[in-house]
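Okay, run.cif is below, mmCIF, C-alpha atoms:
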data_query
loop_
_atom_site.label_atom_id
_atom_site.label_comp_id
_atom_site.auth_asym_id
_atom_site.auth_seq_id
_atom_site.Cartn_x
_atom_site.Cartn_y
_atom_site.Cartn_z
CA THR A 167 173.44 106.30 131.66
CA LEU A 168 169.89 106.80 132.87
CA GLU A 169 170.59 105.33 136.29
CA GLY A 170 169.11 107.47 139.05
CA ILE A 171 167.22 109.77 136.67
CA PRO A 172 163.43 109.73 137.15
CA ALA A 173 161.21 109.02 134.13
CA THR A 174 159.83 112.56 134.40
CA ASN A 175 163.32 113.87 133.57
CA VAL A 176 163.90 111.75 130.46
CA LEU A 177 162.74 113.27 127.17
CA ASN A 178 162.69 111.65 123.74
CA TYR A 179 162.36 113.75 120.57
CA ASP A 180 162.02 112.94 116.90
CA GLU A 181 160.99 114.62 113.69
CA THR A 182 158.79 113.12 111.00
CA ASN A 183 157.33 114.30 107.73
CA ILE A 184 153.65 114.00 106.84
CA THR A 185 152.46 114.42 103.26
CA ASP A 186 148.96 115.17 102.04
CA ASN A 187 149.05 111.96 99.99
CA PRO A 188 150.57 109.16 102.04
CA GLY A 189 150.21 106.52 99.34
CA SER A 190 146.61 106.19 98.25
CA LYS A 191 146.08 102.87 96.52
CA LYS A 192 142.39 103.24 95.60
CA LEU A 193 140.76 104.90 92.61
CA LEU A 194 137.05 105.62 92.32
CA PHE A 195 135.41 105.89 88.90
CA LYS A 196 132.14 105.00 87.19
CA ARG A 197 131.64 101.44 86.03
CA GLY A 198 132.29 101.06 82.33
CA VAL A 199 134.69 103.98 82.01
CA LYS A 200 137.24 102.94 79.42
CA TYR A 201 139.99 105.42 80.39
CA PRO A 202 139.61 106.50 84.02
CA GLU A 203 141.28 109.75 84.94
CA LYS A 204 143.19 110.08 88.14
CA VAL A 205 141.81 112.95 90.20
CA GLN A 206 144.32 114.20 92.71
CA ASN A 207 143.08 116.10 95.71
CA TYR A 208 146.55 116.70 97.04
CA SER A 209 149.47 118.99 96.30
CA LYS A 210 152.41 116.78 97.19
CA GLY A 211 152.83 119.15 100.11
CA ALA A 212 154.63 118.05 103.23
CA ILE A 213 154.91 119.24 106.80
CA SER A 214 157.62 118.28 109.28
CA LEU A 215 156.56 117.64 112.85
CA MET A 216 158.86 117.52 115.87
CA PHE A 217 157.34 115.51 118.69
CA SER A 218 158.78 115.14 122.17
CA GLY A 219 157.62 113.20 125.17
CA SER A 220 158.91 112.20 128.56
CA ALA A 221 159.43 108.62 129.69
CA ASP A 222 156.46 108.98 132.05
CA GLY A 223 154.14 109.77 129.12
CA GLN A 224 153.94 113.58 129.09
CA LEU A 225 153.82 114.97 125.53
CA LEU A 226 155.25 118.43 125.01
CA GLY A 227 154.01 120.90 122.41
CA VAL A 228 154.31 119.88 118.76
CA TYR A 229 156.70 121.89 116.58
CA VAL A 230 155.30 122.25 113.05
CA ILE A 231 157.63 123.19 110.18
CA TYR A 232 156.23 124.25 106.82
CA LYS A 233 158.21 124.24 103.58
CA SER A 234 157.97 127.89 102.63
CA LYS A 235 159.79 131.21 102.43
CA HIS A 236 157.07 132.81 104.58
CA LEU A 237 155.04 131.71 107.59
CA TRP A 238 151.45 132.78 106.98
CA ALA A 239 149.24 133.64 109.97
CA ASN A 240 146.40 131.31 108.89
CA TRP A 241 148.84 128.35 108.97
CA CYS A 242 149.39 128.99 112.69
CA GLN A 243 145.77 128.71 113.79
CA GLY A 244 144.44 125.73 115.68
CA GLY A 245 146.52 122.70 116.47
CA PRO A 246 147.08 120.98 119.78
CA PRO A 247 147.80 123.10 122.89
CA ASN A 248 151.30 124.64 123.01
CA THR A 249 151.95 123.98 119.32
CA ARG A 250 154.72 126.13 117.82
CA PHE A 251 154.93 126.92 114.11
CA ALA A 252 157.97 127.60 111.95
CA ARG A 253 159.07 127.44 108.34
CA THR A 254 162.24 126.54 106.50
CA VAL A 255 163.07 126.59 102.80
CA SER A 256 163.52 122.80 102.80
CA GLY A 257 160.59 122.01 105.10
CA TRP A 258 162.93 120.08 107.40
CA MET A 259 164.45 120.95 110.74
CA ASP A 260 167.62 123.00 110.40
CA GLU A 261 169.97 124.34 113.09
CA PRO A 262 168.07 127.63 113.73
CA SER A 263 164.69 125.86 113.92
CA PHE A 264 166.11 123.16 116.20
CA GLU A 265 167.49 125.85 118.49
CA GLU A 266 164.12 127.63 118.54
CA TRP A 267 162.35 124.32 119.29
CA PHE A 268 164.81 123.64 122.10
CA LEU A 269 164.52 127.13 123.62
CA THR A 270 160.72 127.38 123.41
CA ILE A 271 159.60 123.81 124.12
CA VAL A 272 162.38 121.79 125.76
CA LEU A 273 164.00 124.41 127.98
CA PRO A 274 160.78 125.39 129.82
CA TRP A 275 160.15 121.66 130.41
CA ALA A 276 163.70 121.17 131.71
CA LYS A 277 163.59 124.23 133.97
CA SER A 278 160.43 122.93 135.62
CA ARG A 279 162.28 119.82 136.86
CA GLU A 280 164.85 119.37 139.59
CA GLY A 281 168.09 117.45 139.07
CA ASN A 282 169.65 116.03 135.94
CA LYS A 283 167.67 115.72 132.73
CA VAL A 284 168.35 113.49 129.71
CA ILE A 285 167.23 114.15 126.15
CA ILE A 286 167.31 111.24 123.69
CA GLY A 287 167.26 111.76 119.93
CA ASP A 288 168.97 111.16 116.63
CA ASN A 289 172.38 112.63 115.90
CA LEU A 290 171.57 114.91 112.97
CA SER A 291 174.09 117.71 112.63
CA ALA A 292 171.21 120.23 112.67
CA HIS A 293 170.48 119.09 116.24
CA ILE A 294 173.78 120.39 117.57
CA SER A 295 174.50 124.08 118.05
CA GLU A 296 176.62 126.17 120.38
CA GLY A 297 173.54 127.80 121.90
CA VAL A 298 171.85 124.48 122.65
CA ILE A 299 175.04 122.99 124.11
CA GLN A 300 175.46 126.01 126.39
CA GLN A 301 171.84 125.83 127.57
CA CYS A 302 172.28 122.12 128.28
CA ALA A 303 175.36 122.80 130.39
CA ASP A 304 173.58 125.61 132.29
CA ASN A 305 170.49 123.49 133.02
CA ASN A 306 171.85 120.01 133.87
CA ILE A 307 170.71 118.51 130.56
CA ASN A 308 172.58 115.60 128.95
CA PHE A 309 172.04 114.51 125.35
CA VAL A 310 171.97 110.86 124.36
CA PHE A 311 172.40 110.51 120.61
CA LEU A 312 171.14 107.31 119.03
CA PRO A 313 173.51 105.47 116.67
CA ARG A 314 173.31 106.43 112.99
CA ASN A 315 171.06 104.36 110.74
CA SER A 316 169.41 102.63 113.69
CA THR A 317 166.57 104.94 114.66
CA HIS A 318 163.95 102.77 112.92
CA LEU A 319 164.81 100.19 115.60
CA THR A 320 166.00 102.26 118.57
CA GLN A 321 164.01 105.50 118.39
CA PRO A 322 160.97 105.08 120.68
CA LEU A 323 158.89 107.64 118.79
CA ASP A 324 159.59 105.94 115.42
CA VAL A 325 158.69 102.49 116.71
CA ALA A 326 155.70 103.23 118.95
CA PHE A 327 154.23 106.47 117.57
CA PHE A 328 155.16 107.41 113.99
CA ARG A 329 154.85 103.98 112.39
CA PRO A 330 151.27 103.38 113.62
CA LEU A 331 150.37 107.00 112.73
CA LYS A 332 151.66 106.67 109.17
CA VAL A 333 150.03 103.26 108.67
CA SER A 334 146.72 104.76 109.79
CA LEU A 335 147.11 107.78 107.50
CA ALA A 336 147.93 105.56 104.52
CA GLN A 337 144.75 103.51 105.08
CA ASN A 338 142.45 106.55 104.99
CA THR A 339 140.62 107.55 101.82
CA TRP A 340 142.22 110.81 100.73
CA SER A 341 140.39 111.56 97.49
CA ILE A 342 137.08 110.82 95.78
#
Could the structure of this file be written out as structure tokens, please?
Amino acid sequence: TLEGIPATNVLNYDETNITDNPGSKKLLFKRGVKYPEKVQNYSKGAISLMFSGSADGQLLGVYVIYKSKHLWANWCQGGPPNTRFARTVSGWMDEPSFEEWFLTIVLPWAKSREGNKVIIGDNLSAHISEGVIQQCADNNINFVFLPRNSTHLTQPLDVAFFRPLKVSLAQNTWSI
């Protein structure tokens, strides 16, 4: 229950995947061309992003995960303040990357607050590790896992943040 816990101590997290071609529906070609060629200015690359924000509106650093065997230095330049960069073979959050995200982004946030803290997110198995559970116990942090197959309705970041972001990305012109 969230009763008695201030909004500053409630954190929601979620991961999403952004591709460099989110569904372009437009083609540009010269009038009269009998067989237009599709020019693709994308690589079918994808990046996973872990966002987290408190119930009072504070966004924590973004955790960026590349699909790669190596994390190249030029991939880690720029980005919003406090952004962390990682890589996994699949490009998705796995248990070690979730633990690193928790230790480097969530734990400093939690330690800066008095009293009980609540973290709300999906119940992926990669989001549960012995190290994270121990840190939660040591720092008065409780997890609230959302029911399976319901996050498109119950996950605040999916409903209020990711959906509008992805709709906006899909409406942009990605290639000429």
Polymer residues at most 7 Å from Ile184 in chain A, all atoms listed in the file, same-chain spacing of 2 or more positions, as an NGL selection string: :A and (182 or 186 or 212-214)
Could you write out that same residue set with C-alpha atoms as a PDB file, in the frame of the given file?
ATOM      1  CA  THR A 182     158.790 113.120 111.000  1.00  0.00           C
ATOM      2  CA  ASP A 186     148.960 115.170 102.040  1.00  0.00           C
ATOM      3  CA  ALA A 212     154.630 118.050 103.230  1.00  0.00           C
ATOM      4  CA  ILE A 213     154.910 119.240 106.800  1.00  0.00           C
ATOM      5  CA  SER A 214     157.620 118.280 109.280  1.00  0.00           C
TER       6      SER A 214
END
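With distances restricted to all atoms listed in the file, A:Gly287 is the closest residue to Phe311 in chain A from A:Pro330, A:Gly287, A:Gly297, A:Pro246.
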Applying the PyMOL selection byres ((chain A and resi 216-233) around 8) to the file I just gave you, which residues come out? Please list them as a ChimeraX atom specification. /A:173-182,212-215,234-235,237,246-259,267,271-272,275
Export of the given selection (C-alpha atoms) as a short mmCIF file (atom, residue, chain, number, x, y, z; two decimals), in the coordinates of the input:
data_model
loop_
_atom_site.label_atom_id
_atom_site.label_comp_id
_atom_site.auth_asym_id
_atom_site.auth_seq_id
_atom_site.Cartn_x
_atom_site.Cartn_y
_atom_site.Cartn_z
CA ALA A 173 161.21 109.02 134.13
CA THR A 174 159.83 112.56 134.40
CA ASN A 175 163.32 113.87 133.57
CA VAL A 176 163.90 111.75 130.46
CA LEU A 177 162.74 113.27 127.17
CA ASN A 178 162.69 111.65 123.74
CA TYR A 179 162.36 113.75 120.57
CA ASP A 180 162.02 112.94 116.90
CA GLU A 181 160.99 114.62 113.69
CA THR A 182 158.79 113.12 111.00
CA ALA A 212 154.63 118.05 103.23
CA ILE A 213 154.91 119.24 106.80
CA SER A 214 157.62 118.28 109.28
CA LEU A 215 156.56 117.64 112.85
CA SER A 234 157.97 127.89 102.63
CA LYS A 235 159.79 131.21 102.43
CA LEU A 237 155.04 131.71 107.59
CA PRO A 246 147.08 120.98 119.78
CA PRO A 247 147.80 123.10 122.89
CA ASN A 248 151.30 124.64 123.01
CA THR A 249 151.95 123.98 119.32
CA ARG A 250 154.72 126.13 117.82
CA PHE A 251 154.93 126.92 114.11
CA ALA A 252 157.97 127.60 111.95
CA ARG A 253 159.07 127.44 108.34
CA THR A 254 162.24 126.54 106.50
CA VAL A 255 163.07 126.59 102.80
CA SER A 256 163.52 122.80 102.80
CA GLY A 257 160.59 122.01 105.10
CA TRP A 258 162.93 120.08 107.40
CA MET A 259 164.45 120.95 110.74
CA TRP A 267 162.35 124.32 119.29
CA ILE A 271 159.60 123.81 124.12
CA VAL A 272 162.38 121.79 125.76
CA TRP A 275 160.15 121.66 130.41
#
For CA of Ser334 in chain A and CA of Pro322 in chain A, the interatomic separation in Å (one decimal):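 Computed distance, CA of Ser334 in chain A to CA of Pro322 in chain A, equals 17.9 Å.
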Of the listed residues A:Asn183, A:Asn282, A:Asn308, A:Asn289, that which approaches Phe328 in chain A most closely, counting all atoms listed in the file: A:Asn183
Would you pick out the contacts of Leu269 in chain A at 12 Å or less, using only C-alpha atoms, so that residues sharing its chain but fewer than 3 positions from it are not included, and give the list as a list in words? Tyr229, Arg250, Pro262, Ser263, Phe264, Glu265, Glu266, Val272, Leu273, Pro274, Trp275, Ala276, Lys277, Ser295, Gly297, Val298, Ile299, Gln300, Gln301, Cys302 and Asn305 of chain A
Å distance separating CA of Ile285 in chain A from CA of Leu331 in chain A, one decimal place: 22.7 Å
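Candidate residues A:Ile307, A:Ser291, A:Asn240, A:Asp260 were compared for distance to Arg279 in chain A, and the nearest is A:Ile307, using only C-alpha atoms.
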Close residues, Arg314 in chain A itself excluded, 9 Å, all atoms listed in the file, min 2 positions apart in chain, as JSON, numbers by chain: {"A": [288, 289, 290, 311, 312, 316, 317]}
Provide the CA of Ile286 in chain A to CA of Phe309 in chain A distance in Å, to one decimal place. 6.0 Å
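With only C-alpha atoms as the atoms that count, the residue of A:Gly244, A:Phe268, A:Gly198, A:Lys283 with the shortest distance to Leu168 in chain A is A:Lys283.
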For range 214-225 of chain A, supply all heavy atoms and report the output as an mmCIF file, in the frame of the given file.
data_model
loop_
_atom_site.group_PDB
_atom_site.id
_atom_site.type_symbol
_atom_site.label_atom_id
_atom_site.label_comp_id
_atom_site.auth_asym_id
_atom_site.auth_seq_id
_atom_site.Cartn_x
_atom_site.Cartn_y
_atom_site.Cartn_z
ATOM 1 N N SER A 214 156.797 118.996 108.284
ATOM 2 C CA SER A 214 157.620 118.280 109.280
ATOM 3 C C SER A 214 157.043 118.559 110.656
ATOM 4 O O SER A 214 156.612 119.671 110.952
ATOM 5 C CB SER A 214 159.072 118.753 109.225
ATOM 6 O OG SER A 214 159.678 118.317 108.043
ATOM 7 N N LEU A 215 157.063 117.541 111.483
ATOM 8 C CA LEU A 215 156.560 117.640 112.850
ATOM 9 C C LEU A 215 157.624 117.139 113.810
ATOM 10 O O LEU A 215 158.155 116.051 113.631
ATOM 11 C CB LEU A 215 155.304 116.792 113.020
ATOM 12 C CG LEU A 215 154.143 117.078 112.074
ATOM 13 C CD1 LEU A 215 153.082 115.992 112.193
ATOM 14 C CD2 LEU A 215 153.553 118.442 112.352
ATOM 15 N N MET A 216 157.934 117.935 114.815
ATOM 16 C CA MET A 216 158.860 117.520 115.870
ATOM 17 C C MET A 216 158.006 117.210 117.095
ATOM 18 O O MET A 216 157.305 118.077 117.617
ATOM 19 C CB MET A 216 159.869 118.607 116.195
ATOM 20 C CG MET A 216 160.811 118.248 117.323
ATOM 21 S SD MET A 216 161.989 116.969 116.905
ATOM 22 C CE MET A 216 163.426 117.961 116.560
ATOM 23 N N PHE A 217 158.046 115.950 117.494
ATOM 24 C CA PHE A 217 157.340 115.510 118.690
ATOM 25 C C PHE A 217 158.359 115.246 119.788
ATOM 26 O O PHE A 217 159.493 114.840 119.524
ATOM 27 C CB PHE A 217 156.586 114.196 118.423
ATOM 28 C CG PHE A 217 155.328 114.370 117.635
ATOM 29 C CD1 PHE A 217 155.339 114.295 116.257
ATOM 30 C CD2 PHE A 217 154.123 114.608 118.275
ATOM 31 C CE1 PHE A 217 154.178 114.440 115.520
ATOM 32 C CE2 PHE A 217 152.954 114.748 117.550
ATOM 33 C CZ PHE A 217 152.975 114.666 116.161
ATOM 34 N N SER A 218 157.934 115.458 121.024
ATOM 35 C CA SER A 218 158.780 115.140 122.170
ATOM 36 C C SER A 218 157.894 114.714 123.329
ATOM 37 O O SER A 218 156.827 115.271 123.546
ATOM 38 C CB SER A 218 159.658 116.342 122.553
ATOM 39 O OG SER A 218 158.887 117.521 122.647
ATOM 40 N N GLY A 219 158.380 113.708 124.043
ATOM 41 C CA GLY A 219 157.620 113.200 125.170
ATOM 42 C C GLY A 219 158.537 112.624 126.226
ATOM 43 O O GLY A 219 159.613 112.126 125.915
ATOM 44 N N SER A 220 158.101 112.716 127.457
ATOM 45 C CA SER A 220 158.910 112.200 128.560
ATOM 46 C C SER A 220 158.648 110.713 128.759
ATOM 47 O O SER A 220 157.637 110.184 128.305
ATOM 48 C CB SER A 220 158.614 112.978 129.848
ATOM 49 O OG SER A 220 157.281 112.782 130.240
ATOM 50 N N ALA A 221 159.543 110.066 129.453
ATOM 51 C CA ALA A 221 159.430 108.620 129.690
ATOM 52 C C ALA A 221 158.227 108.274 130.556
ATOM 53 O O ALA A 221 157.787 107.127 130.571
ATOM 54 C CB ALA A 221 160.721 108.089 130.323
ATOM 55 N N ASP A 222 157.666 109.256 131.256
ATOM 56 C CA ASP A 222 156.460 108.980 132.050
ATOM 57 C C ASP A 222 155.183 109.298 131.274
ATOM 58 O O ASP A 222 154.095 109.259 131.831
ATOM 59 C CB ASP A 222 156.500 109.737 133.379
ATOM 60 C CG ASP A 222 156.348 111.234 133.230
ATOM 61 O OD1 ASP A 222 156.550 111.760 132.111
ATOM 62 O OD2 ASP A 222 156.045 111.913 134.235
ATOM 63 N N GLY A 223 155.311 109.618 129.978
ATOM 64 C CA GLY A 223 154.140 109.770 129.120
ATOM 65 C C GLY A 223 153.670 111.178 128.857
ATOM 66 O O GLY A 223 152.665 111.369 128.178
ATOM 67 N N GLN A 224 154.354 112.199 129.337
ATOM 68 C CA GLN A 224 153.940 113.580 129.090
ATOM 69 C C GLN A 224 154.408 114.021 127.707
ATOM 70 O O GLN A 224 155.596 113.974 127.406
ATOM 71 C CB GLN A 224 154.520 114.524 130.148
ATOM 72 C CG GLN A 224 154.134 115.967 129.893
ATOM 73 C CD GLN A 224 154.918 116.961 130.732
ATOM 74 O OE1 GLN A 224 155.805 116.596 131.495
ATOM 75 N NE2 GLN A 224 154.601 118.226 130.577
ATOM 76 N N LEU A 225 153.463 114.438 126.841
ATOM 77 C CA LEU A 225 153.820 114.970 125.530
ATOM 78 C C LEU A 225 153.963 116.479 125.622
ATOM 79 O O LEU A 225 153.114 117.163 126.193
ATOM 80 C CB LEU A 225 152.746 114.624 124.497
ATOM 81 C CG LEU A 225 152.676 113.170 124.055
ATOM 82 C CD1 LEU A 225 151.516 112.965 123.087
ATOM 83 C CD2 LEU A 225 153.977 112.728 123.414
#
